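Enquirer: To start, I am sharing the structure in question, which I have written as structure tokens.
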Amino acid sequence: MSPSEAYQEPKTPVRRFRWHLPIWLVLLIAFGGVTIATTATVGLAFYVAGLRNTVQLVGEIGGAKLQRIEDAVNAQLRPAADQANYLANILAQGQIDPNDDGRMRDLLLGSLAAISQLEAVAFIAPDYRTIWATGKSETGEHFSQVINTGALQTMRQILAQAKDRGQPSWSAPLVVESGPKDAMLVAISPVVREGVFIGAIAAGASLHSVAEGVTAALGTSGRDYFVMTADGHVLFHSSLSLLPTPLPGQEVLPEKATFVDPVLRAMPWPPGENRDTLDDPDDPEHRVDFFLIDFEAAGVDRLAAYKEMRGYGQIPWIVGFYLSRAQAEAFATTLNRAVPFAVAMVAISLLVSLWVGRAISRPIRALAEGSRQIAKLQFDAVPRLSSHLTEIARAADAQSQMRNGLKWLSHYIPKSLVPILMRSEEVLRSRDTDVVVLFSDIVGFSKIAEGRQADRIADLLNRHFSLLGRCIEAEGGTIDKYIGDSVMAFWGAPKAELDYGRRAQRAAAQIAINLAADNRRRAVKGLRPIRIRIGLHRGPAVVGNIGAPGRVNFTLIGDTVNIAQRLEQFGTTIDDGKSDAIVVASAEAIVDCPPEIEWIPLGSHVLAGRSTPTELFQLRLK
């Protein structure tokens, strides 16, 4: 976030009209109307449904379940297609140069992080220069690479399909010769800039992962679903994840006739004369878009319902499920007991009132939990509530305003002060105390910033300060202020930990470690390293509220602050031009030294602006 964004006033949300009801009126409607309406409506509906025969009942259930299966498949695959189209539009509009490897790899890795269904995503140029990323690697982390895929048959097919069709499409199931070793369906989007084909985006979804996602979405009913191609090859099934992934060049999809599910193997395909329709010849409006197959498997009579699904390639897909005829008849028998069931519904309906009461209390409990999270300064954990109940809606609005105010307050003052301010202001009165002060400064920042746009400089500083801030706050330090490219932080106030001297040293060491890791990342992108100097000093200081009435800062003043800054400046005299972080500490700052940290003696030196020598040490990471 840039500084202009950080200090921008929050936009007032557009308030939409929402009607509200008092709680007493809701309870009155619930106790009276819900009981009567539920008993009459549900009892009548179940009684009528119970009079229907088994096949008609399967028809009523089948249409809804087949639609659920189709929706579950679409939910797993459409994000891949949407992401491919989105990435293709970015490149077609020239927002990112496809030849910029760093930005392209970041873009593709970001797509994987945003869309969980993606197995891999790639940009393929006409010369087969390919930038690809995957969420599966030998290390288990996200991985990206720039390679030439001209020798890979599958990548040539993907590029040719994108160029020939000129619009988004899906590949046939395939296994890429290099990269993720999963059978995939690939969403392909051509990239055309100013009428010229410059490549293709390919976003792959694993068949195994899609099958697992569909099974999870269907719940207990996911054990008997299947999705096949019209020519009898299994695409998705709850048992698909049990099958090994074929090698490149092998048949990608298992055949129904040899699949592990014995019921699916026994189902006749194509169905031929065994196929039934539920259309009613006496009622032209009673038409359905699916069929039934009556067959026997393992000595059990079964019914399978299926329908055609298009939009994922040249060959139509078949979505379906099966159940035993005994299950359908048992369900019909249950429905024929609609009359006693309706009587039982009377008693159940009485419990609806209790449910309504619990439903009303639920947002109240959420409000209480939100208040508890606010007290803990866990602002992002506070749920956003809305309700049609007047009293709850007002309380939710008040809590939201309080949350927003405290959240913004925590951006402008040290986080360690917020809980203290919420409890008492007495402990913040100015007082003398022993503290450890840390000063940091970026080496050669003027040269780094030279020629850069202001927003790019702000982004660089925000990232740098975030890196330092995490290390400081992880060790209980308080960030006092940001001065240009410098950071001032301290330990020992407002709350003095027994080991605050060690905490300060560990924070400085961790900053050096994290900065080195970040510079390795920058080197990969061809960016200059960010080097810093750090000064650490321990001594007395005046800590508290400093300023004029109406505008004060919780800060510290005294000679200890000046010495810490001089130590940071002293780092210029021992700078070897290579170290990521030059950390200089006074002897007072390292009296209590952690065993994992080593300090190199530098001797006594008279710091700038001082008359007495100070014994100095330099951090050496083990």
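Please note that chains go A, B, ... in the order of the structure tokens, that every chain numbers its residues from 1, and that ligands are numbered from 1 in the order shown.
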Quick check for you: according to DSSP on this backbone, which residues of stretch 489-563 of chain A are classed as strand (DSSP E)? Reply as number ranges by chain.
Expert: A: 489-491, 532-548, 551-557
Enquirer: Can those selected residues be exported to a file as a PDB file, in the first residue's frame so that it contains N, CA and C atoms?
Expert:
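The file below, again.pdb, is the result:
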```pdb
ATOM      1  N   ALA A 489      12.973   2.486  16.392  1.00  0.00           N
ATOM      2  CA  ALA A 489      12.171   1.588  17.227  1.00  0.00           C
ATOM      3  C   ALA A 489      12.862   1.452  18.580  1.00  0.00           C
ATOM      4  N   PHE A 490      12.108   0.986  19.571  1.00  0.00           N
ATOM      5  CA  PHE A 490      12.697   0.832  20.892  1.00  0.00           C
ATOM      6  C   PHE A 490      12.042  -0.304  21.651  1.00  0.00           C
ATOM      7  N   TRP A 491      12.765  -0.797  22.655  1.00  0.00           N
ATOM      8  CA  TRP A 491      12.300  -1.845  23.557  1.00  0.00           C
ATOM      9  C   TRP A 491      12.439  -1.338  25.000  1.00  0.00           C
ATOM     10  N   ILE A 532      21.254  -1.860   4.302  1.00  0.00           N
ATOM     11  CA  ILE A 532      20.919  -0.939   5.378  1.00  0.00           C
ATOM     12  C   ILE A 532      22.016  -0.924   6.437  1.00  0.00           C
ATOM     13  N   ARG A 533      21.999   0.141   7.220  1.00  0.00           N
ATOM     14  CA  ARG A 533      22.833   0.244   8.418  1.00  0.00           C
ATOM     15  C   ARG A 533      21.899   0.298   9.620  1.00  0.00           C
ATOM     16  N   ILE A 534      22.302  -0.333  10.716  1.00  0.00           N
ATOM     17  CA  ILE A 534      21.503  -0.372  11.937  1.00  0.00           C
ATOM     18  C   ILE A 534      22.396  -0.015  13.116  1.00  0.00           C
ATOM     19  N   GLY A 535      21.871   0.843  13.981  1.00  0.00           N
ATOM     20  CA  GLY A 535      22.563   1.173  15.218  1.00  0.00           C
ATOM     21  C   GLY A 535      21.731   0.764  16.418  1.00  0.00           C
ATOM     22  N   LEU A 536      22.364   0.157  17.446  1.00  0.00           N
ATOM     23  CA  LEU A 536      21.686  -0.278  18.666  1.00  0.00           C
ATOM     24  C   LEU A 536      22.406   0.320  19.872  1.00  0.00           C
ATOM     25  N   HIS A 537      21.622   0.954  20.762  1.00  0.00           N
ATOM     26  CA  HIS A 537      22.214   1.483  21.998  1.00  0.00           C
ATOM     27  C   HIS A 537      21.194   1.351  23.127  1.00  0.00           C
ATOM     28  N   ARG A 538      21.725   1.117  24.317  1.00  0.00           N
ATOM     29  CA  ARG A 538      20.884   0.969  25.499  1.00  0.00           C
ATOM     30  C   ARG A 538      21.252   2.039  26.519  1.00  0.00           C
ATOM     31  N   GLY A 539      20.215   2.651  27.123  1.00  0.00           N
ATOM     32  CA  GLY A 539      20.467   3.665  28.121  1.00  0.00           C
ATOM     33  C   GLY A 539      19.179   4.304  28.582  1.00  0.00           C
ATOM     34  N   PRO A 540      19.271   5.325  29.440  1.00  0.00           N
ATOM     35  CA  PRO A 540      18.073   5.982  29.953  1.00  0.00           C
ATOM     36  C   PRO A 540      17.478   6.934  28.925  1.00  0.00           C
ATOM     37  N   ALA A 541      16.165   7.102  28.992  1.00  0.00           N
ATOM     38  CA  ALA A 541      15.469   8.028  28.110  1.00  0.00           C
ATOM     39  C   ALA A 541      14.162   8.428  28.772  1.00  0.00           C
ATOM     40  N   VAL A 542      13.639   9.580  28.362  1.00  0.00           N
ATOM     41  CA  VAL A 542      12.321  10.029  28.810  1.00  0.00           C
ATOM     42  C   VAL A 542      11.300   9.466  27.831  1.00  0.00           C
ATOM     43  N   VAL A 543      10.386   8.667  28.349  1.00  0.00           N
ATOM     44  CA  VAL A 543       9.395   7.997  27.515  1.00  0.00           C
ATOM     45  C   VAL A 543       8.008   8.473  27.916  1.00  0.00           C
ATOM     46  N   GLY A 544       7.196   8.830  26.933  1.00  0.00           N
ATOM     47  CA  GLY A 544       5.824   9.232  27.247  1.00  0.00           C
ATOM     48  C   GLY A 544       5.230  10.081  26.161  1.00  0.00           C
ATOM     49  N   ASN A 545       4.173  10.808  26.522  1.00  0.00           N
ATOM     50  CA  ASN A 545       3.471  11.657  25.566  1.00  0.00           C
ATOM     51  C   ASN A 545       4.211  12.976  25.433  1.00  0.00           C
ATOM     52  N   ILE A 546       4.691  13.251  24.232  1.00  0.00           N
ATOM     53  CA  ILE A 546       5.430  14.476  23.959  1.00  0.00           C
ATOM     54  C   ILE A 546       4.677  15.250  22.887  1.00  0.00           C
ATOM     55  N   GLY A 547       4.378  16.516  23.131  1.00  0.00           N
ATOM     56  CA  GLY A 547       3.691  17.323  22.137  1.00  0.00           C
ATOM     57  C   GLY A 547       2.804  18.357  22.788  1.00  0.00           C
ATOM     58  N   ALA A 548       2.007  19.031  21.945  1.00  0.00           N
ATOM     59  CA  ALA A 548       1.087  20.060  22.418  1.00  0.00           C
ATOM     60  C   ALA A 548      -0.276  19.448  22.668  1.00  0.00           C
ATOM     61  N   ARG A 551      -2.469  17.211  20.120  1.00  0.00           N
ATOM     62  CA  ARG A 551      -1.652  16.502  19.122  1.00  0.00           C
ATOM     63  C   ARG A 551      -0.349  16.077  19.776  1.00  0.00           C
ATOM     64  N   VAL A 552      -0.302  14.873  20.289  1.00  0.00           N
ATOM     65  CA  VAL A 552       0.876  14.372  20.968  1.00  0.00           C
ATOM     66  C   VAL A 552       1.335  13.065  20.317  1.00  0.00           C
ATOM     67  N   ASN A 553       2.598  12.731  20.564  1.00  0.00           N
ATOM     68  CA  ASN A 553       3.156  11.461  20.125  1.00  0.00           C
ATOM     69  C   ASN A 553       3.701  10.723  21.336  1.00  0.00           C
ATOM     70  N   PHE A 554       3.497   9.430  21.381  1.00  0.00           N
ATOM     71  CA  PHE A 554       4.166   8.616  22.389  1.00  0.00           C
ATOM     72  C   PHE A 554       5.536   8.296  21.838  1.00  0.00           C
ATOM     73  N   THR A 555       6.565   8.874  22.426  1.00  0.00           N
ATOM     74  CA  THR A 555       7.911   8.744  21.883  1.00  0.00           C
ATOM     75  C   THR A 555       8.907   8.795  23.034  1.00  0.00           C
ATOM     76  N   LEU A 556      10.186   8.815  22.695  1.00  0.00           N
ATOM     77  CA  LEU A 556      11.203   8.945  23.719  1.00  0.00           C
ATOM     78  C   LEU A 556      12.237   9.956  23.259  1.00  0.00           C
ATOM     79  N   ILE A 557      12.831  10.638  24.240  1.00  0.00           N
ATOM     80  CA  ILE A 557      13.844  11.644  23.952  1.00  0.00           C
ATOM     81  C   ILE A 557      15.000  11.436  24.923  1.00  0.00           C
TER      82      ILE A 557
END
```
Enquirer: Go through stretch 172-209 of chain A residue by residue and, counting only C-alpha atoms, keep those with an atom at most 12 Å from stretch 241-260 of chain A; for each kept residue give the shortest atom pair and its distance in Å to one decimal, ordered by chain and increasing number, as a tab-separated table.
Expert:
```
residue	atom	partner	partner_atom	distance
A:Ala172	CA	A:Val252	CA	9.4
A:Pro173	CA	A:Val252	CA	6.4
A:Leu174	CA	A:Val252	CA	6.0
A:Val175	CA	A:Pro248	CA	5.4
A:Val176	CA	A:Pro248	CA	6.5
A:Glu177	CA	A:Pro248	CA	5.6
A:Ser178	CA	A:Pro248	CA	9.1
A:Gly179	CA	A:Pro248	CA	11.2
A:Pro180	CA	A:Thr245	CA	10.6
A:Lys181	CA	A:Thr245	CA	7.2
A:Asp182	CA	A:Thr245	CA	5.9
A:Ala183	CA	A:Thr245	CA	6.3
A:Met184	CA	A:Val252	CA	8.9
A:Leu185	CA	A:Val252	CA	10.5
A:Ser206	CA	A:Thr245	CA	10.2
A:Leu207	CA	A:Ser241	CA	8.4
A:His208	CA	A:Ser241	CA	5.0
A:Ser209	CA	A:Ser241	CA	7.7
```
Enquirer: Would you pick out the contacts of A:Tyr225 at 7 Å or less, using only C-alpha atoms, so that residues sharing its chain but fewer than 3 positions from it are not included, and give the list as a list in words?
Expert: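 Non-adjacent residues within range: Gly222, His237, Gly320, Phe321 and Tyr322 of chain A.
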Enquirer: Would you compute the distance between atom CA of A:Ile472 and atom CA of A:Ile442? Give it in Å to one decimal.
Expert: 16.5 Å
Enquirer: Would you compute the distance between atom CA of A:Leu118 and atom CA of A:Thr215? Give it in Å to one decimal.
Expert: 17.2 Å
Enquirer: Write out as a list in words all residues of stretch 176-279 of chain A that backbone DSSP assigns to alpha helix (DSSP H).
Expert: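 Filtering stretch 176-279 of chain A down to alpha helix (DSSP H) leaves Leu207, His208, Ser209, Val210, Ala211, Glu212, Gly213, Val214, Thr215, Ala216, Ala217, Leu218, Pro262, Val263, Leu264, Arg265 and Ala266 of chain A.
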Enquirer: Keeping only N, CA, C and O atoms, take the residues you just selected and write them out as a PDB file, in the first residue's frame.
Expert:
```pdb
ATOM      1  N   LEU A 207      -7.790 -33.768 -13.616  1.00  0.00           N
ATOM      2  CA  LEU A 207      -8.990 -34.607 -13.587  1.00  0.00           C
ATOM      3  C   LEU A 207      -9.204 -35.179 -12.181  1.00  0.00           C
ATOM      4  O   LEU A 207     -10.338 -35.241 -11.691  1.00  0.00           O
ATOM      5  N   HIS A 208      -8.130 -35.596 -11.540  1.00  0.00           N
ATOM      6  CA  HIS A 208      -8.252 -36.133 -10.184  1.00  0.00           C
ATOM      7  C   HIS A 208      -8.776 -35.077  -9.226  1.00  0.00           C
ATOM      8  O   HIS A 208      -9.675 -35.336  -8.421  1.00  0.00           O
ATOM      9  N   SER A 209      -8.225 -33.852  -9.303  1.00  0.00           N
ATOM     10  CA  SER A 209      -8.640 -32.789  -8.393  1.00  0.00           C
ATOM     11  C   SER A 209     -10.088 -32.392  -8.644  1.00  0.00           C
ATOM     12  O   SER A 209     -10.844 -32.127  -7.706  1.00  0.00           O
ATOM     13  N   VAL A 210     -10.483 -32.338  -9.913  1.00  0.00           N
ATOM     14  CA  VAL A 210     -11.868 -31.995 -10.222  1.00  0.00           C
ATOM     15  C   VAL A 210     -12.814 -33.062  -9.678  1.00  0.00           C
ATOM     16  O   VAL A 210     -13.853 -32.755  -9.092  1.00  0.00           O
ATOM     17  N   ALA A 211     -12.435 -34.349  -9.851  1.00  0.00           N
ATOM     18  CA  ALA A 211     -13.278 -35.426  -9.327  1.00  0.00           C
ATOM     19  C   ALA A 211     -13.427 -35.316  -7.815  1.00  0.00           C
ATOM     20  O   ALA A 211     -14.521 -35.492  -7.272  1.00  0.00           O
ATOM     21  N   GLU A 212     -12.325 -35.023  -7.126  1.00  0.00           N
ATOM     22  CA  GLU A 212     -12.401 -34.869  -5.673  1.00  0.00           C
ATOM     23  C   GLU A 212     -13.263 -33.681  -5.291  1.00  0.00           C
ATOM     24  O   GLU A 212     -14.036 -33.742  -4.327  1.00  0.00           O
ATOM     25  N   GLY A 213     -13.143 -32.573  -6.040  1.00  0.00           N
ATOM     26  CA  GLY A 213     -13.958 -31.397  -5.748  1.00  0.00           C
ATOM     27  C   GLY A 213     -15.434 -31.636  -5.965  1.00  0.00           C
ATOM     28  O   GLY A 213     -16.272 -31.206  -5.169  1.00  0.00           O
ATOM     29  N   VAL A 214     -15.786 -32.338  -7.057  1.00  0.00           N
ATOM     30  CA  VAL A 214     -17.194 -32.642  -7.322  1.00  0.00           C
ATOM     31  C   VAL A 214     -17.736 -33.574  -6.248  1.00  0.00           C
ATOM     32  O   VAL A 214     -18.850 -33.382  -5.739  1.00  0.00           O
ATOM     33  N   THR A 215     -16.956 -34.587  -5.886  1.00  0.00           N
ATOM     34  CA  THR A 215     -17.398 -35.524  -4.847  1.00  0.00           C
ATOM     35  C   THR A 215     -17.636 -34.798  -3.529  1.00  0.00           C
ATOM     36  O   THR A 215     -18.631 -35.043  -2.839  1.00  0.00           O
ATOM     37  N   ALA A 216     -16.739 -33.884  -3.179  1.00  0.00           N
ATOM     38  CA  ALA A 216     -16.902 -33.131  -1.931  1.00  0.00           C
ATOM     39  C   ALA A 216     -18.134 -32.239  -1.993  1.00  0.00           C
ATOM     40  O   ALA A 216     -18.871 -32.103  -1.005  1.00  0.00           O
ATOM     41  N   ALA A 217     -18.395 -31.628  -3.163  1.00  0.00           N
ATOM     42  CA  ALA A 217     -19.553 -30.742  -3.290  1.00  0.00           C
ATOM     43  C   ALA A 217     -20.866 -31.512  -3.191  1.00  0.00           C
ATOM     44  O   ALA A 217     -21.851 -31.014  -2.657  1.00  0.00           O
ATOM     45  N   LEU A 218     -20.872 -32.754  -3.680  1.00  0.00           N
ATOM     46  CA  LEU A 218     -22.103 -33.550  -3.659  1.00  0.00           C
ATOM     47  C   LEU A 218     -22.332 -34.193  -2.303  1.00  0.00           C
ATOM     48  O   LEU A 218     -23.449 -34.632  -2.002  1.00  0.00           O
ATOM     49  N   PRO A 262     -17.750 -51.476 -10.412  1.00  0.00           N
ATOM     50  CA  PRO A 262     -18.429 -52.599 -11.073  1.00  0.00           C
ATOM     51  C   PRO A 262     -19.817 -52.233 -11.580  1.00  0.00           C
ATOM     52  O   PRO A 262     -20.276 -52.786 -12.584  1.00  0.00           O
ATOM     53  N   VAL A 263     -20.507 -51.339 -10.908  1.00  0.00           N
ATOM     54  CA  VAL A 263     -21.847 -50.947 -11.354  1.00  0.00           C
ATOM     55  C   VAL A 263     -21.752 -50.168 -12.658  1.00  0.00           C
ATOM     56  O   VAL A 263     -22.522 -50.398 -13.597  1.00  0.00           O
ATOM     57  N   LEU A 264     -20.784 -49.247 -12.731  1.00  0.00           N
ATOM     58  CA  LEU A 264     -20.614 -48.475 -13.957  1.00  0.00           C
ATOM     59  C   LEU A 264     -20.192 -49.381 -15.106  1.00  0.00           C
ATOM     60  O   LEU A 264     -20.630 -49.205 -16.252  1.00  0.00           O
ATOM     61  N   ARG A 265     -19.363 -50.386 -14.812  1.00  0.00           N
ATOM     62  CA  ARG A 265     -18.972 -51.325 -15.869  1.00  0.00           C
ATOM     63  C   ARG A 265     -20.183 -52.074 -16.417  1.00  0.00           C
ATOM     64  O   ARG A 265     -20.276 -52.342 -17.616  1.00  0.00           O
ATOM     65  N   ALA A 266     -21.131 -52.443 -15.524  1.00  0.00           N
ATOM     66  CA  ALA A 266     -22.283 -53.243 -15.948  1.00  0.00           C
ATOM     67  C   ALA A 266     -23.336 -52.416 -16.671  1.00  0.00           C
ATOM     68  O   ALA A 266     -24.196 -52.977 -17.358  1.00  0.00           O
TER      69      ALA A 266
END
```
Enquirer: Enter the distance from atom CA of A:Arg506 to atom CA of A:Ser604, in Å, rounded to one decimal.
Expert: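 About the pair atom CA of A:Arg506 and atom CA of A:Ser604: they are 23.5 Å apart.
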Enquirer: Please report as a tab-separated table every residue of stretch 105-164 of chain A lying within 9 Å of stretch 74-82 of chain A, along with the nearest atom pair and their distance in Å (one decimal), using only C-alpha atoms.
Expert:
```
residue	atom	partner	partner_atom	distance
A:Ile115	CA	A:Pro79	CA	6.8
A:Ser116	CA	A:Pro79	CA	8.8
A:Gln117	CA	A:Gln76	CA	6.3
A:Leu118	CA	A:Ala80	CA	6.1
A:Val121	CA	A:Ala80	CA	8.9
```
Enquirer: Please produce a file of those selected residues containing C-alpha atoms, as a CSV table (one decimal), in the first residue's frame.
Expert:
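result_27.csv, written as the output of this step:
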```
chain,number,residue,atom,x,y,z
A,115,ILE,CA,-7.7,-20.0,-8.2
A,116,SER,CA,-7.4,-23.2,-6.2
A,117,GLN,CA,-8.7,-25.4,-9.0
A,118,LEU,CA,-5.8,-24.6,-11.3
A,121,VAL,CA,-1.1,-22.1,-16.1
```
Enquirer: Return the single residue from A:Glu497, A:Glu450, A:Trp269, A:Asn514 that is closest to A:His464, with distances computed using only C-alpha atoms.
Expert: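 Counting only C-alpha atoms, the residue closest to A:His464 is A:Asn514.
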Enquirer: Residues at most 12 Å from A:Ala398, counting only C-alpha atoms, excluding those fewer than 2 positions away in the same chain, as a tab-separated table (two decimals) with N, CA and C atoms, in the first residue's frame?
Expert:
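As written to disk, part-v9.tsv reads:
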```tsv
chain	number	residue	atom	x	y	z
A	367	LEU	N	-22.26	-10.51	17.65
A	367	LEU	CA	-21.89	-9.17	18.10
A	367	LEU	C	-20.99	-9.25	19.32
A	370	GLY	N	-17.65	-10.37	18.21
A	370	GLY	CA	-16.97	-9.28	17.53
A	370	GLY	C	-16.38	-8.28	18.51
A	371	SER	N	-17.13	-7.98	19.57
A	371	SER	CA	-16.63	-7.06	20.59
A	371	SER	C	-15.40	-7.65	21.28
A	384	ARG	N	-18.71	-9.24	9.71
A	384	ARG	CA	-19.57	-8.15	9.25
A	384	ARG	C	-21.01	-8.65	9.29
A	385	LEU	N	-21.82	-7.99	10.09
A	385	LEU	CA	-23.18	-8.45	10.33
A	385	LEU	C	-24.18	-7.55	9.64
A	386	SER	N	-25.28	-8.14	9.24
A	386	SER	CA	-26.45	-7.39	8.77
A	386	SER	C	-27.68	-8.15	9.22
A	391	GLU	N	-33.04	-3.63	16.23
A	391	GLU	CA	-32.10	-3.51	17.33
A	391	GLU	C	-30.74	-4.08	16.97
A	392	ILE	N	-30.73	-5.25	16.32
A	392	ILE	CA	-29.46	-5.88	15.95
A	392	ILE	C	-28.76	-5.08	14.87
A	393	ALA	N	-29.51	-4.54	13.91
A	393	ALA	CA	-28.91	-3.75	12.85
A	393	ALA	C	-28.22	-2.51	13.41
A	394	ARG	N	-28.86	-1.85	14.38
A	394	ARG	CA	-28.24	-0.66	14.98
A	394	ARG	C	-26.97	-1.03	15.75
A	395	ALA	N	-27.03	-2.13	16.48
A	395	ALA	CA	-25.84	-2.56	17.23
A	395	ALA	C	-24.71	-2.94	16.28
A	396	ALA	N	-25.04	-3.61	15.17
A	396	ALA	CA	-24.01	-3.99	14.19
A	396	ALA	C	-23.37	-2.77	13.56
A	400	SER	N	-19.49	-1.75	13.86
A	400	SER	CA	-18.69	-1.56	12.65
A	400	SER	C	-17.95	-0.22	12.67
A	401	GLN	N	-18.64	0.83	13.12
A	401	GLN	CA	-17.99	2.14	13.21
A	401	GLN	C	-16.87	2.12	14.24
A	402	MET	N	-17.10	1.46	15.37
A	402	MET	CA	-16.06	1.36	16.38
A	402	MET	C	-14.86	0.58	15.84
A	403	ARG	N	-15.13	-0.52	15.13
A	403	ARG	CA	-14.05	-1.32	14.56
A	403	ARG	C	-13.22	-0.51	13.58
A	404	ASN	N	-13.90	0.23	12.68
A	404	ASN	CA	-13.19	1.01	11.69
A	404	ASN	C	-12.34	2.10	12.34
A	405	GLY	N	-12.90	2.75	13.36
A	405	GLY	CA	-12.16	3.80	14.03
A	405	GLY	C	-10.91	3.27	14.72
```
Enquirer: Give me, as a list in words, all polymer residues having an atom no more than 12 Å from A:Glu588, counting only C-alpha atoms and skipping those fewer than 5 positions away in the same chain.
Expert: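 Here the answer would be Asp434, Val435, Val436, Val437, Gly501, Arg502, Gln505, Leu536, His537, Arg538, Gly539, Pro540, Thr560, Ile563, Ala564, Cys593, Thr614, Glu615, Leu616 and Phe617 of chain A.
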Enquirer: For stretch 187-200 of chain A, please output as an MDAnalysis selection string all residues within 7 Å (counting only C-alpha atoms; exclusion window: fewer than 2 positions along the same chain).
Expert: chainID A and resid 80:81 84:85 88 91:93 123:126 159 162:163 166:171 185 202:204
Enquirer: Please, could you write that set of residues out with C-alpha atoms as a short mmCIF file (atom, residue, chain, number, x, y, z; two decimals), in the first residue's frame?
Expert:
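Written output follows (again33.cif):
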```
data_model
loop_
_atom_site.label_atom_id
_atom_site.label_comp_id
_atom_site.auth_asym_id
_atom_site.auth_seq_id
_atom_site.Cartn_x
_atom_site.Cartn_y
_atom_site.Cartn_z
CA ALA A 80 -9.89 -22.14 -14.99
CA ALA A 81 -11.61 -20.83 -18.14
CA ALA A 84 -7.42 -18.01 -18.83
CA ASN A 85 -9.67 -15.37 -20.42
CA ALA A 88 -5.38 -13.29 -22.13
CA LEU A 91 -1.81 -9.44 -22.36
CA ALA A 92 -4.00 -8.43 -25.30
CA GLN A 93 -4.49 -4.95 -23.83
CA PHE A 123 1.71 -18.50 -21.69
CA ILE A 124 2.90 -20.07 -24.97
CA ALA A 125 4.41 -17.74 -27.60
CA PRO A 126 4.25 -18.57 -31.33
CA LEU A 159 -0.97 -23.48 -29.50
CA ALA A 162 -5.73 -21.47 -29.96
CA LYS A 163 -4.59 -20.10 -33.32
CA GLY A 166 -9.39 -17.90 -32.45
CA GLN A 167 -11.59 -18.01 -29.37
CA PRO A 168 -11.58 -19.61 -25.91
CA SER A 169 -11.94 -23.38 -25.99
CA TRP A 170 -11.10 -26.55 -24.06
CA SER A 171 -8.54 -29.16 -24.98
CA LEU A 185 -8.34 -30.51 -19.05
CA ALA A 202 -3.38 -22.37 -21.11
CA ALA A 203 -4.94 -23.03 -17.68
CA GLY A 204 -5.04 -26.70 -16.67
#
```
Enquirer: Neighbouring residues of stretch 293-307 of chain A were defined as those with any atom within 8 Å, considering only C-alpha atoms; residues of the same chain fewer than 6 positions away were excluded. Please report them as a VMD selection string.
Expert: chain A and resid 62 66 262 to 263 266 to 268 271 274 to 276 318 to 326
Enquirer: Could you save the residues just selected, with N, CA and C atoms, as a CSV table (one decimal), in the first residue's frame?
Expert:
```csv
chain,number,residue,atom,x,y,z
A,62,GLY,N,-34.3,-37.1,-10.0
A,62,GLY,CA,-33.2,-37.2,-10.9
A,62,GLY,C,-32.8,-35.8,-11.6
A,66,LEU,N,-29.1,-34.4,-11.1
A,66,LEU,CA,-28.3,-34.2,-12.3
A,66,LEU,C,-27.8,-32.8,-12.5
A,262,PRO,N,-17.7,-51.5,-10.4
A,262,PRO,CA,-18.4,-52.6,-11.1
A,262,PRO,C,-19.8,-52.2,-11.6
A,263,VAL,N,-20.5,-51.3,-10.9
A,263,VAL,CA,-21.8,-50.9,-11.4
A,263,VAL,C,-21.8,-50.2,-12.7
A,266,ALA,N,-21.1,-52.4,-15.5
A,266,ALA,CA,-22.3,-53.2,-15.9
A,266,ALA,C,-23.3,-52.4,-16.7
A,267,MET,N,-23.3,-51.1,-16.5
A,267,MET,CA,-24.3,-50.3,-17.1
A,267,MET,C,-24.1,-50.3,-18.7
A,268,PRO,N,-25.2,-50.7,-19.4
A,268,PRO,CA,-25.1,-50.7,-20.9
A,268,PRO,C,-24.8,-49.4,-21.5
A,271,PRO,N,-26.9,-47.0,-24.5
A,271,PRO,CA,-28.0,-47.7,-23.9
A,271,PRO,C,-28.9,-48.4,-24.9
A,274,ASN,N,-32.6,-50.1,-24.0
A,274,ASN,CA,-32.7,-50.0,-22.5
A,274,ASN,C,-33.0,-48.6,-22.0
A,275,ARG,N,-32.9,-47.6,-22.9
A,275,ARG,CA,-33.1,-46.3,-22.4
A,275,ARG,C,-34.6,-45.9,-22.4
A,276,ASP,N,-35.0,-45.3,-21.3
A,276,ASP,CA,-36.4,-44.8,-21.1
A,276,ASP,C,-36.4,-43.3,-21.0
A,318,ILE,N,-21.5,-36.9,-20.7
A,318,ILE,CA,-22.7,-37.5,-20.1
A,318,ILE,C,-22.5,-37.5,-18.6
A,319,VAL,N,-23.4,-36.7,-17.9
A,319,VAL,CA,-23.4,-36.7,-16.5
A,319,VAL,C,-24.6,-37.6,-16.0
A,320,GLY,N,-24.3,-38.3,-14.9
A,320,GLY,CA,-25.4,-39.2,-14.4
A,320,GLY,C,-25.1,-39.8,-13.0
A,321,PHE,N,-26.1,-40.5,-12.5
A,321,PHE,CA,-25.9,-41.2,-11.2
A,321,PHE,C,-26.8,-42.5,-11.3
A,322,TYR,N,-26.5,-43.4,-10.4
A,322,TYR,CA,-27.3,-44.6,-10.3
A,322,TYR,C,-27.7,-44.9,-8.9
A,323,LEU,N,-28.8,-45.7,-8.7
A,323,LEU,CA,-29.2,-46.2,-7.4
A,323,LEU,C,-30.0,-47.5,-7.7
A,324,SER,N,-30.1,-48.3,-6.6
A,324,SER,CA,-30.8,-49.5,-6.8
A,324,SER,C,-32.3,-49.3,-6.8
A,325,ARG,N,-33.0,-50.1,-7.5
A,325,ARG,CA,-34.5,-50.0,-7.6
A,325,ARG,C,-35.1,-50.1,-6.2
A,326,ALA,N,-34.5,-50.9,-5.4
A,326,ALA,CA,-35.0,-51.1,-4.0
A,326,ALA,C,-34.9,-49.8,-3.2
```
